[in-house]
Amino acid sequence: MTYTTLFFIIVAFIVVETAWEKYLDHRNRIASTQPLPKEVEGLYSEEEYRKQQEYFAANNKFGNFTDIVSLSVTLILLFTFAFKYIDDFARSFGLSEPWTAAIFVVLTNLISDVISIPLSAYKNFVIEEKFGFNKMSVGTFIGDTIKNMLISIILMTLVVAALAYVYQWLGVNYWIIGSLIIAGIMIFFMTFYTSIILPLFNKMTPLEEGSLRTAIEEFSKKTGFKISDIYIIDGSKRSTKANAFFSGLGSRKRICLYDTLKNKMTDDEIVAVLAHEIGHQKCKHTTKQLVLGILNMVFILFLSSLFLGDPETGNMDLANVFGSDKPSFHLSLYAFMLLMSPISTVVGWLVNILTRKYEYEADAFAQKHGKGDELVNALKKLSADSLSNLTPDPLFVSYHYSHPTLVQRIKAIAGKC
């Protein structure tokens with residue numbers, strides 16, 4: 001198979017995937033106008049439902065626009081062989097392959113950021129602002145953007161440069177050490193996210209003594225789940241939307257409550273939300289997802305080693321797909337990832353099916369420990385507060401949703417499905 005053929009296969013994958021997404025969006029747009037199921041009747045007033053429909057339509061229209069921009073930019077970069085020229089510029093410094101890979105990653109990330117930052121600004125300061133969600137100042141947005149850019153660039157540069165170095169060292173067997181490197185990074189971030197990364201963006205305050213902390217501690221004692229760290233996050237500085245989550249592994253586990261959640265729910269409802277999160281921990285969902293994520297990366301790196309070939313001979317060097325006549329690990333790896341996009345799509349679909357199963361199990365844990373009704377009330381409040389679409393298309397849900405729909409969760413908690 002020629003590299004020209006591979007190039008057009010990549011283009012076809014990108015176009016077909018975008019077309020598939022637009023088909024799903026079309027189905028979901030039609031489903032969004034259906035009458036509300038009886039399980040959520042009365043959740044929105046007539047005025048709130050009109051607002052929800054407008055919010056959905058605005059996001060749908062904006063999503064279509066961003067998809068068109070993304071597709072157009074990607075095709076332009078491919079057909080102008082821009083990645084080859086970026087690689088040539090990175091090589092002009094005369095550095096080793098790992099450093100060249102690092103420069104290439106920095107430059108491609110900057111291009112991506114130049115495109116995504118205006119879109120993100122419009123999303124926050126136009127759409128979210130119009131519907132009363134945005135609380136982010138321009139200064140906070142700029143600060144978040146810079147921090148996200150730096151974290152992304154540093155992380156991706158380290159990973160790609162390390163993989164390039166190992167590839168030069170071990171050749172086609174690079175996937176073995178490469179898998180260990182990525183697994184170590186994944187474990188590190190999952191363990192220390194709330195103690196290193198999150199404080200860069202949010203202020204975390206220990207939950208003060210009072211009725212809520214007492215209720216949480218009593219429930220955790222009842223279920224045999226040890227809790228030491230409970231934090232309130234200043235989510236209200238960015239959005240009115242509420243959230244809560246567990247993070248960390250082992251002794252680094254922390255409960256994080258957004259202040260918006262604390263201000264909008266009763267103590268019993270917050271405990272019910274945390275009961276759901278404790279259910280995830282009790283069922284070891286976090287560990288299972290980590291293991292599956294690592295295995296997926298091992299599989300991807302192993303497959304890539306079959307395509308990349310030997311660094312000395314340049315066998316099967318996929319950099320040619322982008323018009324380059326020089327063996328290039330990072331260009332070949334990027335071409336491989338684009339070729340594997342259909343497999344990644346199927347894997348993502350299966351992962352969503354699995355995570356929805358985990359959500360049902362966590363809900364069942366809360367229901368088993370007497371928090372089913374409170375959890376339903378909390379879920380309804382969260383949905384209404386965020387103007388959620390209550391009648392999404394089933395195929396769209398299957399493909400995109402990591403959580404069951406509100407109606408599905410209510411039925412499951414009530415034992416009706």
# chains A, B, ... in the order shown; residues from 1 in each chain; ligands from 1

$ residues_around --residues "Asn109 (chain A)" --least-positions-apart "2" --cutoff "12 Å" --atoms "only C-alpha atoms" --output "ChimeraX atom specification"
/A:83,86,102-107,111-117,148-157

$ write_last_selection --atoms "N, CA and C atoms" --output "PDB file, in the first residue's frame"
ATOM      1  N   PHE A  83       2.452  19.746   8.322  1.00  0.00           N
ATOM      2  CA  PHE A  83       3.176  19.012   9.365  1.00  0.00           C
ATOM      3  C   PHE A  83       4.619  18.725   8.928  1.00  0.00           C
ATOM      4  N   ILE A  86       6.498  21.986   9.491  1.00  0.00           N
ATOM      5  CA  ILE A  86       6.731  22.182  10.925  1.00  0.00           C
ATOM      6  C   ILE A  86       7.872  21.289  11.385  1.00  0.00           C
ATOM      7  N   ALA A 102      10.172  17.240  20.667  1.00  0.00           N
ATOM      8  CA  ALA A 102       9.650  18.185  21.662  1.00  0.00           C
ATOM      9  C   ALA A 102       9.275  19.509  21.004  1.00  0.00           C
ATOM     10  N   ILE A 103      10.144  20.016  20.122  1.00  0.00           N
ATOM     11  CA  ILE A 103       9.855  21.279  19.427  1.00  0.00           C
ATOM     12  C   ILE A 103       8.620  21.119  18.550  1.00  0.00           C
ATOM     13  N   PHE A 104       8.510  20.009  17.862  1.00  0.00           N
ATOM     14  CA  PHE A 104       7.352  19.742  16.999  1.00  0.00           C
ATOM     15  C   PHE A 104       6.066  19.764  17.810  1.00  0.00           C
ATOM     16  N   VAL A 105       6.062  19.131  18.974  1.00  0.00           N
ATOM     17  CA  VAL A 105       4.872  19.092  19.832  1.00  0.00           C
ATOM     18  C   VAL A 105       4.497  20.491  20.298  1.00  0.00           C
ATOM     19  N   VAL A 106       5.489  21.282  20.692  1.00  0.00           N
ATOM     20  CA  VAL A 106       5.221  22.650  21.145  1.00  0.00           C
ATOM     21  C   VAL A 106       4.565  23.459  20.031  1.00  0.00           C
ATOM     22  N   LEU A 107       5.109  23.364  18.832  1.00  0.00           N
ATOM     23  CA  LEU A 107       4.586  24.151  17.712  1.00  0.00           C
ATOM     24  C   LEU A 107       3.174  23.720  17.322  1.00  0.00           C
ATOM     25  N   ILE A 111      -0.428  25.924  17.528  1.00  0.00           N
ATOM     26  CA  ILE A 111      -1.386  26.090  16.428  1.00  0.00           C
ATOM     27  C   ILE A 111      -2.791  25.722  16.890  1.00  0.00           C
ATOM     28  N   SER A 112      -2.897  24.599  17.591  1.00  0.00           N
ATOM     29  CA  SER A 112      -4.192  24.162  18.115  1.00  0.00           C
ATOM     30  C   SER A 112      -4.783  25.190  19.070  1.00  0.00           C
ATOM     31  N   ASP A 113      -3.924  25.762  19.927  1.00  0.00           N
ATOM     32  CA  ASP A 113      -4.408  26.739  20.908  1.00  0.00           C
ATOM     33  C   ASP A 113      -4.878  28.028  20.237  1.00  0.00           C
ATOM     34  N   VAL A 114      -4.172  28.461  19.203  1.00  0.00           N
ATOM     35  CA  VAL A 114      -4.564  29.683  18.486  1.00  0.00           C
ATOM     36  C   VAL A 114      -5.979  29.543  17.928  1.00  0.00           C
ATOM     37  N   ILE A 115      -6.327  28.334  17.521  1.00  0.00           N
ATOM     38  CA  ILE A 115      -7.662  28.083  16.971  1.00  0.00           C
ATOM     39  C   ILE A 115      -8.697  27.907  18.072  1.00  0.00           C
ATOM     40  N   SER A 116      -8.350  27.182  19.129  1.00  0.00           N
ATOM     41  CA  SER A 116      -9.332  26.825  20.157  1.00  0.00           C
ATOM     42  C   SER A 116      -9.627  27.944  21.153  1.00  0.00           C
ATOM     43  N   ILE A 117      -8.676  28.824  21.413  1.00  0.00           N
ATOM     44  CA  ILE A 117      -8.880  29.868  22.430  1.00  0.00           C
ATOM     45  C   ILE A 117     -10.031  30.808  22.067  1.00  0.00           C
ATOM     46  N   ASN A 148      -3.403  26.016  31.335  1.00  0.00           N
ATOM     47  CA  ASN A 148      -3.752  24.814  30.575  1.00  0.00           C
ATOM     48  C   ASN A 148      -2.774  24.578  29.425  1.00  0.00           C
ATOM     49  N   MET A 149      -2.388  25.662  28.740  1.00  0.00           N
ATOM     50  CA  MET A 149      -1.434  25.537  27.643  1.00  0.00           C
ATOM     51  C   MET A 149      -0.104  24.992  28.147  1.00  0.00           C
ATOM     52  N   LEU A 150       0.380  25.549  29.248  1.00  0.00           N
ATOM     53  CA  LEU A 150       1.677  25.122  29.774  1.00  0.00           C
ATOM     54  C   LEU A 150       1.642  23.667  30.232  1.00  0.00           C
ATOM     55  N   ILE A 151       0.578  23.291  30.945  1.00  0.00           N
ATOM     56  CA  ILE A 151       0.467  21.909  31.424  1.00  0.00           C
ATOM     57  C   ILE A 151       0.405  20.943  30.249  1.00  0.00           C
ATOM     58  N   SER A 152      -0.417  21.287  29.251  1.00  0.00           N
ATOM     59  CA  SER A 152      -0.566  20.425  28.085  1.00  0.00           C
ATOM     60  C   SER A 152       0.742  20.293  27.320  1.00  0.00           C
ATOM     61  N   ILE A 153       1.405  21.411  27.086  1.00  0.00           N
ATOM     62  CA  ILE A 153       2.660  21.385  26.332  1.00  0.00           C
ATOM     63  C   ILE A 153       3.731  20.603  27.078  1.00  0.00           C
ATOM     64  N   ILE A 154       3.859  20.869  28.381  1.00  0.00           N
ATOM     65  CA  ILE A 154       4.883  20.171  29.175  1.00  0.00           C
ATOM     66  C   ILE A 154       4.627  18.673  29.184  1.00  0.00           C
ATOM     67  N   LEU A 155       3.377  18.291  29.417  1.00  0.00           N
ATOM     68  CA  LEU A 155       3.050  16.869  29.505  1.00  0.00           C
ATOM     69  C   LEU A 155       3.270  16.165  28.162  1.00  0.00           C
ATOM     70  N   MET A 156       2.723  16.735  27.095  1.00  0.00           N
ATOM     71  CA  MET A 156       2.842  16.092  25.784  1.00  0.00           C
ATOM     72  C   MET A 156       4.283  16.077  25.298  1.00  0.00           C
ATOM     73  N   THR A 157       5.022  17.143  25.603  1.00  0.00           N
ATOM     74  CA  THR A 157       6.425  17.198  25.200  1.00  0.00           C
ATOM     75  C   THR A 157       7.224  16.113  25.900  1.00  0.00           C
TER      76      THR A 157
END

$ residues_around --residues "region 47-60 of chain A" --least-positions-apart "2" --cutoff "10 Å" --atoms "only C-alpha atoms" --output "PyMOL selection string"
chain A and resi 25-26+28-29+32-33+36+42-45+62-66+123+127-128+130-131+384-390

$ closest_residue --among "A:Val126, A:Ala101, A:Leu382, A:Leu261" --to "Leu163 (chain A)" --atoms "only C-alpha atoms"
A:Ala101

$ closest_atom_pairs --of "region 277-322 of chain A" --to "region 1-23 of chain A" --cutoff "10 Å" --atoms "only C-alpha atoms" --output "Markdown table"
| residue | atom | partner | partner_atom | distance |
| --- | --- | --- | --- | --- |
| A:Met316 | CA | A:Tyr3 | CA | 9.3 |
| A:Asp317 | CA | A:Tyr3 | CA | 9.3 |
| A:Leu318 | CA | A:Tyr3 | CA | 7.4 |
| A:Ala319 | CA | A:Tyr3 | CA | 8.9 |
| A:Asn320 | CA | A:Tyr3 | CA | 6.2 |
| A:Val321 | CA | A:Tyr3 | CA | 5.1 |
| A:Phe322 | CA | A:Phe7 | CA | 7.4 |

$ select_by_dssp --residues "region 213-312 of chain A" --states "strand (DSSP E)" --output "PyMOL selection string"
chain A and resi 230-233+244-247+254-258

$ residues_around --residues "Ser220 (chain A)" --least-positions-apart "3" --cutoff "12 Å" --atoms "only C-alpha atoms" --output "ChimeraX atom specification"
/A:213-217,223-228,230,255,271-272,274-279,281-282,366,369

$ closest_residue --among "A:Gly171, A:Ile410, A:Lys380, A:Met204" --to "Phe307 (chain A)" --atoms "only C-alpha atoms"
A:Gly171

$ residues_around --residues "Val351 (chain A)" --least-positions-apart "5" --cutoff "12 Å" --atoms "only C-alpha atoms" --output "PDB file with C-alpha atoms, in the first residue's frame"
ATOM      1  CA  LYS A 288     -10.654  -0.676  37.068  1.00  0.00           C
ATOM      2  CA  GLN A 289     -10.775   2.325  34.749  1.00  0.00           C
ATOM      3  CA  LEU A 290      -7.104   3.052  35.417  1.00  0.00           C
ATOM      4  CA  LEU A 292      -8.235  -0.499  31.408  1.00  0.00           C
ATOM      5  CA  GLY A 293      -6.730   2.842  30.395  1.00  0.00           C
ATOM      6  CA  ASN A 296      -5.477   0.405  26.091  1.00  0.00           C
ATOM      7  CA  SER A 344     -10.190   4.563  18.964  1.00  0.00           C
ATOM      8  CA  THR A 345     -13.794   5.463  18.149  1.00  0.00           C
ATOM      9  CA  VAL A 346     -14.993   1.920  18.828  1.00  0.00           C
ATOM     10  CA  ARG A 356     -22.605   3.946  32.292  1.00  0.00           C
ATOM     11  CA  LYS A 357     -22.717   0.504  33.909  1.00  0.00           C
ATOM     12  CA  TYR A 358     -20.469   1.819  36.672  1.00  0.00           C
ATOM     13  CA  SER A 398     -24.890   5.332  23.518  1.00  0.00           C
ATOM     14  CA  TYR A 399     -22.071   6.975  21.580  1.00  0.00           C
ATOM     15  CA  HIS A 400     -21.353  10.084  23.661  1.00  0.00           C
ATOM     16  CA  TYR A 401     -22.712   9.777  27.214  1.00  0.00           C
ATOM     17  CA  SER A 402     -20.465   8.502  30.003  1.00  0.00           C
ATOM     18  CA  HIS A 403     -23.493   8.670  32.353  1.00  0.00           C
TER      19      HIS A 403
END

$ select_by_dssp --residues "region 84-257 of chain A" --states "helix (DSSP H, G or I)" --output "VMD selection string"
chain A and resid 84 to 91 97 to 130 138 to 200 211 to 222 235 to 237 250 to 252

$ residues_around --residues "Asn173 (chain A)" --least-positions-apart "3" --cutoff "10 Å" --atoms "only C-alpha atoms" --output "PyMOL selection string"
chain A and resi 166-167+169-170+176-178+301-302+305-306+309-310

$ write_last_selection --atoms "C-alpha atoms" --output "CSV table (one decimal), in the first residue's frame"
chain,number,residue,atom,x,y,z
A,166,VAL,CA,13.1,5.0,23.9
A,167,TYR,CA,12.4,4.3,20.2
A,169,TRP,CA,17.2,3.0,22.0
A,170,LEU,CA,15.0,-0.1,21.6
A,176,ILE,CA,7.5,-2.0,26.5
A,177,ILE,CA,9.3,0.8,28.2
A,178,GLY,CA,6.9,3.4,26.6
A,301,LEU,CA,1.9,1.4,21.5
A,302,PHE,CA,2.3,-2.3,20.6
A,305,SER,CA,5.6,-0.6,16.9
A,306,LEU,CA,4.3,-2.8,14.1
A,309,GLY,CA,9.4,-0.3,11.9
A,310,ASP,CA,13.1,-0.1,12.7

$ residues_around --residues "Thr100 (chain A)" --least-positions-apart "2" --cutoff "12 Å" --atoms "only C-alpha atoms" --output "PyMOL selection string"
chain A and resi 86-98+102-107+157-158+160-162+164-165+328-331

$ residues_around --residues "Thr205 (chain A)" --least-positions-apart "6" --cutoff "9 Å" --atoms "only C-alpha atoms" --output "PDB file with N, CA and C atoms, in the first residue's frame"
ATOM      1  N   ILE A 230     -12.047  16.400  53.204  1.00  0.00           N
ATOM      2  CA  ILE A 230     -13.234  16.907  52.527  1.00  0.00           C
ATOM      3  C   ILE A 230     -12.996  18.386  52.223  1.00  0.00           C
ATOM      4  N   TYR A 231     -13.057  18.758  50.945  1.00  0.00           N
ATOM      5  CA  TYR A 231     -12.727  20.119  50.559  1.00  0.00           C
ATOM      6  C   TYR A 231     -13.877  20.788  49.809  1.00  0.00           C
ATOM      7  N   ILE A 232     -13.973  22.094  50.011  1.00  0.00           N
ATOM      8  CA  ILE A 232     -14.884  22.931  49.246  1.00  0.00           C
ATOM      9  C   ILE A 232     -14.064  23.665  48.187  1.00  0.00           C
ATOM     10  N   ILE A 233     -14.510  23.568  46.924  1.00  0.00           N
ATOM     11  CA  ILE A 233     -13.819  24.214  45.813  1.00  0.00           C
ATOM     12  C   ILE A 233     -14.607  25.447  45.378  1.00  0.00           C
ATOM     13  N   ASP A 234     -13.909  26.523  45.104  1.00  0.00           N
ATOM     14  CA  ASP A 234     -14.568  27.771  44.711  1.00  0.00           C
ATOM     15  C   ASP A 234     -14.983  27.741  43.236  1.00  0.00           C
TER      16      ASP A 234
END

$ closest_residue --among "A:Tyr122, A:Ser247, A:Trp175, A:Pro404" --to "Ile197 (chain A)" --atoms "only C-alpha atoms"
A:Ser247

$ closest_residue --among "A:Leu303, A:Glu209, A:Thr266, A:Gln34" --to "Glu374 (chain A)" --atoms "only C-alpha atoms"
A:Thr266

$ decode --residues "region 113-194 of chain A" --atoms "C-alpha atoms" --output "CSV table (one decimal), in the first residue's frame"
chain,number,residue,atom,x,y,z
A,113,ASP,CA,-4.4,26.7,20.9
A,114,VAL,CA,-4.6,29.7,18.5
A,115,ILE,CA,-7.7,28.1,17.0
A,116,SER,CA,-9.3,26.8,20.2
A,117,ILE,CA,-8.9,29.9,22.4
A,118,PRO,CA,-11.3,32.2,20.5
A,119,LEU,CA,-13.8,29.4,20.4
A,120,SER,CA,-13.5,28.8,24.1
A,121,ALA,CA,-13.9,32.5,24.8
A,122,TYR,CA,-17.0,32.7,22.7
A,123,LYS,CA,-18.5,29.7,24.5
A,124,ASN,CA,-17.9,31.2,27.9
A,125,PHE,CA,-18.5,34.9,27.4
A,126,VAL,CA,-21.3,34.7,24.9
A,127,ILE,CA,-23.3,31.4,25.2
A,128,GLU,CA,-22.7,30.7,28.9
A,129,GLU,CA,-23.0,34.4,29.8
A,130,LYS,CA,-26.3,34.7,28.0
A,131,PHE,CA,-27.9,31.9,29.9
A,132,GLY,CA,-26.5,33.0,33.3
A,133,PHE,CA,-23.8,30.3,33.8
A,134,ASN,CA,-20.6,32.2,33.3
A,135,LYS,CA,-19.0,33.8,36.3
A,136,MET,CA,-15.5,33.9,34.9
A,137,SER,CA,-13.7,37.2,34.6
A,138,VAL,CA,-11.5,37.9,31.6
A,139,GLY,CA,-8.4,37.7,33.9
A,140,THR,CA,-9.4,34.3,35.1
A,141,PHE,CA,-10.0,33.1,31.6
A,142,ILE,CA,-6.6,34.3,30.5
A,143,GLY,CA,-4.9,32.8,33.5
A,144,ASP,CA,-6.7,29.4,33.0
A,145,THR,CA,-5.8,29.4,29.3
A,146,ILE,CA,-2.1,30.0,30.0
A,147,LYS,CA,-1.9,27.4,32.7
A,148,ASN,CA,-3.8,24.8,30.6
A,149,MET,CA,-1.4,25.5,27.6
A,150,LEU,CA,1.7,25.1,29.8
A,151,ILE,CA,0.5,21.9,31.4
A,152,SER,CA,-0.6,20.4,28.1
A,153,ILE,CA,2.7,21.4,26.3
A,154,ILE,CA,4.9,20.2,29.2
A,155,LEU,CA,3.1,16.9,29.5
A,156,MET,CA,2.8,16.1,25.8
A,157,THR,CA,6.4,17.2,25.2
A,158,LEU,CA,7.7,14.9,28.0
A,159,VAL,CA,5.7,12.0,26.7
A,160,VAL,CA,6.6,12.3,23.0
A,161,ALA,CA,10.2,13.1,23.7
A,162,ALA,CA,10.6,10.2,26.1
A,163,LEU,CA,8.9,7.8,23.6
A,164,ALA,CA,11.2,9.1,20.8
A,165,TYR,CA,14.3,8.5,23.0
A,166,VAL,CA,13.1,5.0,23.9
A,167,TYR,CA,12.4,4.3,20.2
A,168,GLN,CA,15.9,5.2,19.3
A,169,TRP,CA,17.2,3.0,22.0
A,170,LEU,CA,15.0,-0.1,21.6
A,171,GLY,CA,13.6,0.2,18.1
A,172,VAL,CA,10.3,-1.8,17.6
A,173,ASN,CA,10.4,-2.9,21.2
A,174,TYR,CA,10.0,0.7,22.4
A,175,TRP,CA,6.4,0.0,23.4
A,176,ILE,CA,7.5,-2.0,26.5
A,177,ILE,CA,9.3,0.8,28.2
A,178,GLY,CA,6.9,3.4,26.6
A,179,SER,CA,4.0,1.7,28.2
A,180,LEU,CA,5.7,1.8,31.6
A,181,ILE,CA,6.3,5.6,31.2
A,182,ILE,CA,2.7,6.4,30.3
A,183,ALA,CA,1.3,4.1,33.0
A,184,GLY,CA,3.5,5.9,35.5
A,185,ILE,CA,2.3,9.3,34.3
A,186,MET,CA,-1.4,8.2,34.5
A,187,ILE,CA,-1.0,6.8,38.0
A,188,PHE,CA,0.8,10.0,39.1
A,189,PHE,CA,-1.9,12.3,37.8
A,190,MET,CA,-4.7,10.2,39.2
A,191,THR,CA,-3.0,10.2,42.6
A,192,PHE,CA,-1.9,13.8,42.9
A,193,TYR,CA,-4.3,15.7,40.7
A,194,THR,CA,-6.1,17.4,43.6
